[in-house]
Amino acid sequence: MDLGGGLRRVYRYTEEPSLPLVATAHTYSSGGYLVDLPPRRRDAREVIAMMERDRFLSVETRLVLIEFALFNAPTNNFCIAQLSFEKLAAGGIVPGASIQTLRLLPYDSPNAGALWMLDVVLAAVLAAP
């Protein structure tokens, strides 16, 4: 649904297969509502305001999961963050966080040639009968 100004309803239900999510109190299967926040702060605030007007979160909501990825170009590191807010049956909310830092481009450094050669030698040793 177009909301004007290039905005549209961005939440949708999905049952994409994935591994179950193990939270503090329960394990959750894949599937649920997804919300894609726009990169511009003003547009993201409008989407959040729309979700509040639509009462997107309700008493049936058991888990809110926020996932995002960051890239630091000078250090060539990716950071994947997952923040969770799990509602317990008694009414409390348990926060959780998982942050992983990865170097996905290992050969983009001053020592790239030597690192690549060591990887080739290791692969040859492991492949040898």
# chains A, B, ... in the order shown; residues from 1 in each chain; ligands from 1

$ select_by_dssp --residues "chain A" --states "strand (DSSP E)" --output "VMD selection string"
chain A and resid 2 to 4 7 to 8 11 to 14 21 to 22 27 to 28 32 to 35 63 to 72 77 to 87 93 to 102

$ residues_around --residues "Thr61 (chain A)" --least-positions-apart "2" --cutoff "12 Å" --atoms "only C-alpha atoms" --output "count of residues only"
17

$ atom_distance --atom1 "CA of Ile66 (chain A)" --atom2 "CA of Ala81 (chain A)"
8.0 Å

$ atom_distance --atom1 "CA of Leu104 (chain A)" --atom2 "CA of Leu70 (chain A)"
12.3 Å

$ atom_distance --atom1 "CA of Ala73 (chain A)" --atom2 "CA of Arg45 (chain A)"
27.3 Å

$ residues_around --residues "Ala97 (chain A)" --least-positions-apart "6" --cutoff "8 Å" --atoms "only C-alpha atoms" --output "list in words"
Ala81, Gln82, Leu83 and Ser84 of chain A

$ write_last_selection --atoms "all heavy atoms" --output "PDB file, in the first residue's frame"
ATOM      1  N   ALA A  81      24.641  -7.738  13.808  1.00  0.00           N
ATOM      2  CA  ALA A  81      24.051  -7.602  15.142  1.00  0.00           C
ATOM      3  C   ALA A  81      22.616  -8.095  15.130  1.00  0.00           C
ATOM      4  O   ALA A  81      21.880  -7.878  14.169  1.00  0.00           O
ATOM      5  CB  ALA A  81      24.094  -6.155  15.596  1.00  0.00           C
ATOM      6  N   GLN A  82      22.245  -8.768  16.201  1.00  0.00           N
ATOM      7  CA  GLN A  82      20.880  -9.262  16.378  1.00  0.00           C
ATOM      8  C   GLN A  82      20.454  -8.926  17.811  1.00  0.00           C
ATOM      9  O   GLN A  82      21.055  -9.411  18.767  1.00  0.00           O
ATOM     10  CB  GLN A  82      20.843 -10.766  16.138  1.00  0.00           C
ATOM     11  CG  GLN A  82      19.467 -11.361  16.184  1.00  0.00           C
ATOM     12  CD  GLN A  82      19.516 -12.851  15.919  1.00  0.00           C
ATOM     13  OE1 GLN A  82      20.065 -13.597  16.716  1.00  0.00           O
ATOM     14  NE2 GLN A  82      18.948 -13.275  14.815  1.00  0.00           N
ATOM     15  N   LEU A  83      19.468  -8.065  17.930  1.00  0.00           N
ATOM     16  CA  LEU A  83      18.926  -7.678  19.225  1.00  0.00           C
ATOM     17  C   LEU A  83      17.557  -8.324  19.372  1.00  0.00           C
ATOM     18  O   LEU A  83      16.761  -8.296  18.438  1.00  0.00           O
ATOM     19  CB  LEU A  83      18.806  -6.159  19.325  1.00  0.00           C
ATOM     20  CG  LEU A  83      20.056  -5.361  18.975  1.00  0.00           C
ATOM     21  CD1 LEU A  83      19.744  -3.874  18.976  1.00  0.00           C
ATOM     22  CD2 LEU A  83      21.164  -5.682  19.945  1.00  0.00           C
ATOM     23  N   SER A  84      17.287  -8.908  20.530  1.00  0.00           N
ATOM     24  CA  SER A  84      16.001  -9.573  20.726  1.00  0.00           C
ATOM     25  C   SER A  84      15.338  -9.074  22.007  1.00  0.00           C
ATOM     26  O   SER A  84      16.011  -8.707  22.976  1.00  0.00           O
ATOM     27  CB  SER A  84      16.174 -11.094  20.785  1.00  0.00           C
ATOM     28  OG  SER A  84      16.970 -11.451  21.893  1.00  0.00           O
TER      29      SER A  84
END

$ closest_residue --among "A:Glu46, A:Pro38, A:Arg103, A:Val10" --to "Pro74 (chain A)" --atoms "only C-alpha atoms"
A:Arg103

$ select_by_dssp --residues "region 21-87 of chain A" --states "helix (DSSP H, G or I)" --output "VMD selection string"
chain A and resid 41 to 53

$ residues_around --residues "Leu34 (chain A)" --least-positions-apart "5" --cutoff "9 Å" --atoms "only C-alpha atoms" --output "PyMOL selection string"
chain A and resi 10-14

$ residues_around --residues "Ile48 (chain A)" --least-positions-apart "5" --cutoff "9 Å" --atoms "only C-alpha atoms" --output "list in words"
Leu37, Asp43 and Arg53 of chain A

$ write_last_selection --atoms "N, CA, C and O atoms" --output "PDB file, in the first residue's frame"
ATOM      1  N   LEU A  37      12.987  -1.276   7.552  1.00  0.00           N
ATOM      2  CA  LEU A  37      13.061   0.160   7.808  1.00  0.00           C
ATOM      3  C   LEU A  37      13.887   0.824   6.725  1.00  0.00           C
ATOM      4  O   LEU A  37      14.958   0.333   6.364  1.00  0.00           O
ATOM      5  N   ASP A  43      12.273   8.809   7.153  1.00  0.00           N
ATOM      6  CA  ASP A  43      11.382   7.780   6.617  1.00  0.00           C
ATOM      7  C   ASP A  43      11.204   6.631   7.601  1.00  0.00           C
ATOM      8  O   ASP A  43      10.116   6.082   7.742  1.00  0.00           O
ATOM      9  N   ARG A  53       0.424   3.403  14.899  1.00  0.00           N
ATOM     10  CA  ARG A  53      -0.989   3.666  14.571  1.00  0.00           C
ATOM     11  C   ARG A  53      -1.730   2.373  14.260  1.00  0.00           C
ATOM     12  O   ARG A  53      -2.890   2.208  14.613  1.00  0.00           O
TER      13      ARG A  53
END

$ closest_residue --among "A:Glu15, A:Glu52, A:Asp119, A:Asp108" --to "Ser29 (chain A)" --atoms "only C-alpha atoms"
A:Glu15

$ closest_residue --among "A:Phe71, A:Phe78, A:Tyr28, A:Trp116" --to "Gln100 (chain A)" --atoms "only C-alpha atoms"
A:Phe78
